[in-house]
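Working notes, structure below.
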Amino acid sequence: MLDHMASAPSHPTYVPLSSGAGGKYPDHEAQLSSVPIHIVTHASQLPLEFLEPSPERPLVIGFDCEGVDLCRYGTLCIMQLAFPDAIYLVDAIQGGEMLMKACKPALESSYVTKVIHDCKRDSEALYFQFGIRLHSVVDTQIAYSLIEEQEGRTRSLDDYISFVGLLADPHYCGISYIEKQEVRVLLRQDPEFWTYRPLSELMVRAAADDVRFLLYIYHKMMEKLNKRSLWHLAVRGALYCRCFCINDNEYADWPSLPHIPGLHASEYDDLAVEGNVPEEEVLSVLNVPPGKMGLVIGRRGASIQSVKESCNAEILIGGAKGPPDKVFIIGPVKQVRKAEAILRGRVLEMY
């Protein structure tokens with residue numbers, strides 16, 4: 001039996017009309033109700049179909065992590081898994097490495113799609129703290145941008161939709177997530193917020209609310225994304241999972257990236273038939289000499305901003321959480337190479 005079960009008195013969740021993980025939501029306004037929230041400290045408390053991924057039982061789950069300064073150096077405290085009929089809060093503190101290792105097959109499996117908003121730091125924490133290579137994600141932050149581009153709306157540079165903003169968008173949920181802001185205030189006051197046990201009602205509710213709407217949003221987005229955008233979503237999700245997880249073997253131990261349509265066997269091969277083949281996308285990591293990152297960023301970010309304006313590529317830095325002295329570039333090969341050349345040229349004295 002589960003160690004603890006709680007109901008969610010604050011926000012309702014979306015429940016599919018059909019049963020089973022990944023069940024299709026209706027086209028009309030979704031029914032709203034609460035689902036049980038299970039606090040998990042042992043692997044036996046998780047669904048068997050999650051622990052033992054299978055092509056016969058593909059899953060789609062909402063996914064998120066909470067912790068203290070979540071990154072390679074921080075502490076992952078809770079991992080949230082949202083199924084259509086229940087939410088599981090995996091307690092990484094009480095369950096420890098044994099519990100997280102039991103989740104490793106599912107988190108690395110292509111048979112379990114993890115729907116997450118901004119996967120970079122979660123992936124970094126999982127990799128460095130538990131040796132887990134997060135794979136097969138649908139990143140709703142990436143998906144949102146692709147849908148905007150697909151529908152002819154342009155976004156300004158660095159205009160990434162926040163999770164609160166995504167929930168507020170009437171095309172998806174149209175709800176206000178006030179409690180998220182309250183929790184952020186608490187985290188600023190006490191960074192150890194997620195380490196305390198037993199979990200308070202606020203902690204349980206806040207953790208659950210970060211994933212309870214993700215499956216609903218996922219199905220809304222899947223209805224909008226065309227085949228080309230779906231390929232970009234798969235590739236960029238994989239690259240963002242790798243982004244901060246730097247190792248010495250250039251990601252050789254990570255799952256392979258989705259194939260370019262038409263060049264290898266690919267579920268997106270019909271794009272090649274239509275003459276709509278997207279360009280290969282890559283992740284490039286540039287090393288910056290210690291103390292020289294300021295030259296890359298420029299005064300108030302002016303230098304790196306101008307590079308972004310010149311190239312159709314994402315340019316990221318680790319910031320205060322690190323990794324330090326590195327610039328990450330993600331995008332089509334030609335644009336990534338262009339960004340590399342500009343960055344090297346502008347700070348040539350660094351090399």
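For the structure tokens, the naming scheme is as follows: chains receive sequential letters (A, B, ...) according to their order of presentation, residues are indexed from 1 within each chain, and ligands are indexed from 1 in presentation order.
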
Would you please extract all alpha helix (DSSP H) residues from range 143-234 of chain A, as assigned by DSSP on the backbone, and give them as a PyMOL selection string? chain A and resi 143-150+163-168+178-189+201-209+214-224+227-234

Report as a list in words all protein, DNA and RNA residues lying within 10 Å of range 106-109 of chain A, evaluated on only C-alpha atoms, omitting residues in the same chain fewer than 6 positions from it. Glu49, Phe50, Leu51, Glu52, Pro53, Ser54, Pro55, Pro58, Leu59, Phe63, Met100, Ser123, Leu126, Ile132, Arg133, Leu134, His135, Ser136, Val137, Trp254 and Pro255 of chain A

Keeping N, CA and C atoms, export the residues of the selection given above as a CSV table (one decimal), in the first residue's frame.
chain,number,residue,atom,x,y,z
A,49,GLU,N,3.6,-0.8,-15.3
A,49,GLU,CA,3.9,-0.4,-16.7
A,49,GLU,C,4.9,0.7,-16.8
A,50,PHE,N,5.0,1.5,-15.7
A,50,PHE,CA,6.1,2.5,-15.7
A,50,PHE,C,7.4,1.9,-15.4
A,51,LEU,N,7.5,1.0,-14.4
A,51,LEU,CA,8.8,0.4,-14.0
A,51,LEU,C,9.3,-0.5,-15.1
A,52,GLU,N,8.4,-1.1,-15.9
A,52,GLU,CA,8.9,-2.1,-16.9
A,52,GLU,C,8.4,-1.6,-18.2
A,53,PRO,N,9.0,-0.6,-18.8
A,53,PRO,CA,8.6,0.0,-20.1
A,53,PRO,C,8.5,-1.1,-21.2
A,54,SER,N,7.4,-1.0,-22.0
A,54,SER,CA,7.2,-2.0,-23.1
A,54,SER,C,6.6,-1.3,-24.3
A,55,PRO,N,7.0,-1.8,-25.5
A,55,PRO,CA,6.4,-1.2,-26.7
A,55,PRO,C,4.9,-1.6,-26.8
A,58,PRO,N,2.9,1.6,-24.5
A,58,PRO,CA,3.5,2.9,-24.5
A,58,PRO,C,2.7,3.8,-23.5
A,59,LEU,N,3.5,4.7,-22.9
A,59,LEU,CA,2.9,5.6,-21.9
A,59,LEU,C,3.2,7.1,-22.3
A,63,PHE,N,5.6,15.2,-16.4
A,63,PHE,CA,6.9,15.0,-15.6
A,63,PHE,C,7.5,16.3,-15.2
A,100,MET,N,15.3,6.0,-7.2
A,100,MET,CA,15.6,6.7,-8.4
A,100,MET,C,16.1,5.7,-9.5
A,123,SER,N,17.0,17.5,-16.5
A,123,SER,CA,17.9,16.5,-17.1
A,123,SER,C,19.3,16.5,-16.5
A,126,LEU,N,19.2,14.9,-13.0
A,126,LEU,CA,19.1,13.4,-13.1
A,126,LEU,C,20.4,12.8,-13.6
A,132,ILE,N,21.1,9.2,-14.8
A,132,ILE,CA,20.0,8.9,-15.7
A,132,ILE,C,20.0,9.9,-16.9
A,133,ARG,N,19.9,9.3,-18.1
A,133,ARG,CA,19.9,10.1,-19.3
A,133,ARG,C,18.5,10.3,-19.8
A,134,LEU,N,17.9,11.4,-19.4
A,134,LEU,CA,16.5,11.6,-19.7
A,134,LEU,C,16.3,11.6,-21.2
A,135,HIS,N,15.3,10.8,-21.7
A,135,HIS,CA,15.1,10.6,-23.1
A,135,HIS,C,13.6,10.6,-23.4
A,136,SER,N,13.3,10.8,-24.7
A,136,SER,CA,11.9,10.8,-25.1
A,136,SER,C,11.0,11.8,-24.4
A,137,VAL,N,11.4,13.1,-24.5
A,137,VAL,CA,10.6,14.1,-23.8
A,137,VAL,C,9.8,14.9,-24.9
A,254,TRP,N,24.6,8.5,-24.8
A,254,TRP,CA,23.2,8.9,-24.8
A,254,TRP,C,22.5,8.3,-25.9
A,255,PRO,N,21.2,8.2,-25.8
A,255,PRO,CA,20.4,7.6,-27.0
A,255,PRO,C,20.6,8.5,-28.2

Quick one: of A:Tyr88, A:Ala206, A:Ile142, A:Arg197, who's nearest to Arg184 in chain A, counting only C-alpha atoms? A:Ala206

Choose the residue, out of A:Arg212, A:Ala238, A:Leu186, A:Ala125, that has the smallest atom-to-atom separation from Leu81 in chain A; count only C-alpha atoms. A:Arg212

Based on DSSP run over this structure's backbone, return all residues of range 66-238 of chain A in strand (DSSP E or B), as a PyMOL selection string. chain A and resi 66-68+75-83+86-91+112-116+137-139

Prev. selection, N, CA, C and O atoms, output as a CSV table (one decimal), in the first residue's frame:
chain,number,residue,atom,x,y,z
A,66,GLU,N,11.5,18.7,-8.5
A,66,GLU,CA,11.6,19.8,-7.6
A,66,GLU,C,12.9,19.6,-6.8
A,66,GLU,O,13.3,18.4,-6.5
A,67,GLY,N,13.6,20.7,-6.3
A,67,GLY,CA,14.8,20.4,-5.5
A,67,GLY,C,15.3,21.7,-5.0
A,67,GLY,O,14.7,22.8,-5.1
A,68,VAL,N,16.5,21.6,-4.4
A,68,VAL,CA,17.3,22.8,-4.0
A,68,VAL,C,18.3,23.1,-5.0
A,68,VAL,O,19.2,22.3,-5.3
A,75,THR,N,20.2,19.6,-5.2
A,75,THR,CA,19.7,18.4,-4.6
A,75,THR,C,18.3,18.1,-5.2
A,75,THR,O,17.4,19.0,-5.0
A,76,LEU,N,18.1,17.1,-6.0
A,76,LEU,CA,16.8,16.7,-6.5
A,76,LEU,C,16.0,16.1,-5.3
A,76,LEU,O,16.4,15.1,-4.7
A,77,CYS,N,14.9,16.6,-5.0
A,77,CYS,CA,14.1,16.2,-3.8
A,77,CYS,C,12.9,15.4,-4.2
A,77,CYS,O,12.5,14.4,-3.5
A,78,ILE,N,12.1,15.8,-5.2
A,78,ILE,CA,10.9,15.2,-5.6
A,78,ILE,C,10.8,15.1,-7.1
A,78,ILE,O,11.2,16.0,-7.8
A,79,MET,N,10.4,14.0,-7.6
A,79,MET,CA,10.1,13.8,-9.0
A,79,MET,C,8.6,13.5,-9.2
A,79,MET,O,8.1,12.6,-8.6
A,80,GLN,N,7.9,14.3,-10.0
A,80,GLN,CA,6.5,14.2,-10.2
A,80,GLN,C,6.2,13.5,-11.5
A,80,GLN,O,6.7,13.8,-12.5
A,81,LEU,N,5.3,12.5,-11.4
A,81,LEU,CA,4.8,11.7,-12.5
A,81,LEU,C,3.3,11.8,-12.6
A,81,LEU,O,2.6,11.4,-11.6
A,82,ALA,N,2.7,12.4,-13.6
A,82,ALA,CA,1.3,12.6,-13.8
A,82,ALA,C,0.7,11.6,-14.8
A,82,ALA,O,1.0,11.6,-16.0
A,83,PHE,N,-0.1,10.6,-14.3
A,83,PHE,CA,-0.8,9.7,-15.1
A,83,PHE,C,-2.3,10.3,-15.2
A,83,PHE,O,-2.7,11.1,-14.4
A,86,ALA,N,-3.9,9.4,-11.7
A,86,ALA,CA,-3.2,9.6,-10.5
A,86,ALA,C,-2.0,10.4,-10.7
A,86,ALA,O,-1.4,10.4,-11.8
A,87,ILE,N,-1.5,11.0,-9.6
A,87,ILE,CA,-0.2,11.7,-9.7
A,87,ILE,C,0.7,11.1,-8.6
A,87,ILE,O,0.2,10.8,-7.5
A,88,TYR,N,1.9,10.8,-9.0
A,88,TYR,CA,2.9,10.1,-8.1
A,88,TYR,C,4.0,11.1,-7.8
A,88,TYR,O,4.6,11.6,-8.7
A,89,LEU,N,4.2,11.4,-6.5
A,89,LEU,CA,5.3,12.2,-6.1
A,89,LEU,C,6.4,11.3,-5.6
A,89,LEU,O,6.3,10.7,-4.5
A,90,VAL,N,7.4,11.1,-6.4
A,90,VAL,CA,8.5,10.2,-6.1
A,90,VAL,C,9.5,10.9,-5.1
A,90,VAL,O,10.1,11.9,-5.5
A,91,ASP,N,9.6,10.5,-3.9
A,91,ASP,CA,10.4,11.2,-2.9
A,91,ASP,C,11.8,10.7,-3.0
A,91,ASP,O,12.2,9.6,-2.4
A,112,VAL,N,8.2,5.5,-23.0
A,112,VAL,CA,7.5,6.3,-22.0
A,112,VAL,C,7.8,7.8,-22.4
A,112,VAL,O,9.0,8.3,-22.3
A,113,THR,N,6.8,8.5,-22.9
A,113,THR,CA,7.0,9.9,-23.3
A,113,THR,C,6.8,10.7,-22.1
A,113,THR,O,5.8,10.7,-21.4
A,114,LYS,N,7.8,11.6,-21.8
A,114,LYS,CA,7.8,12.4,-20.6
A,114,LYS,C,7.4,13.9,-21.1
A,114,LYS,O,8.2,14.5,-21.8
A,115,VAL,N,6.3,14.4,-20.7
A,115,VAL,CA,5.8,15.7,-21.0
A,115,VAL,C,6.3,16.7,-19.9
A,115,VAL,O,5.9,16.5,-18.8
A,116,ILE,N,7.1,17.6,-20.3
A,116,ILE,CA,7.8,18.5,-19.3
A,116,ILE,C,7.9,19.9,-19.8
A,116,ILE,O,7.9,20.1,-21.1
A,137,VAL,N,11.4,13.1,-24.5
A,137,VAL,CA,10.6,14.1,-23.8
A,137,VAL,C,9.8,14.9,-24.9
A,137,VAL,O,10.2,15.0,-26.0
A,138,VAL,N,8.7,15.4,-24.4
A,138,VAL,CA,8.0,16.4,-25.2
A,138,VAL,C,8.0,17.7,-24.3
A,138,VAL,O,7.4,17.7,-23.3
A,139,ASP,N,8.9,18.6,-24.7
A,139,ASP,CA,9.1,19.8,-23.9
A,139,ASP,C,8.0,20.9,-24.4
A,139,ASP,O,8.1,21.3,-25.5

A:Met293, A:Val336, A:Ile260, A:Cys245: which is nearest Arg72 in chain A, counting only C-alpha atoms?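 Result for the nearest residue to Arg72 in chain A: A:Cys245.
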
Report, in Å with one decimal, the straight-line distance from CA of Val211 in chain A to CA of Asp85 in chain A.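 Rounded to one decimal, the two atoms are 12.6 Å apart.
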
Could you work out how far CA of Gln305 in chain A lies from CA of Gly291 in chain A, giving the answer in Å with one decimal?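 So the answer is 19.4 Å.
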
Within 12 Å of Met222 in chain A, counting only C-alpha atoms, which residues show up once you throw out same-chain ones fewer than 2 positions away? Write them as a VMD selection string, please. chain A and resid 22 24 to 25 115 138 to 140 143 to 144 146 to 147 172 215 to 220 224 to 227 229 to 230 233

Determine, counting only C-alpha atoms, which protein, DNA and RNA residues have an atom within 9 Å of an atom of Pro324 in chain A; residues of the same chain fewer than 4 positions away are not included. Present the result as a ChimeraX atom specification. /A:288,290,293,317-320

Pick from A:Lys292, A:Arg236, A:Arg57, A:Arg300 nearest to Ser110 in chain A, counting only C-alpha atoms: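 Distance minimum relative to Ser110 in chain A lands on A:Arg57.
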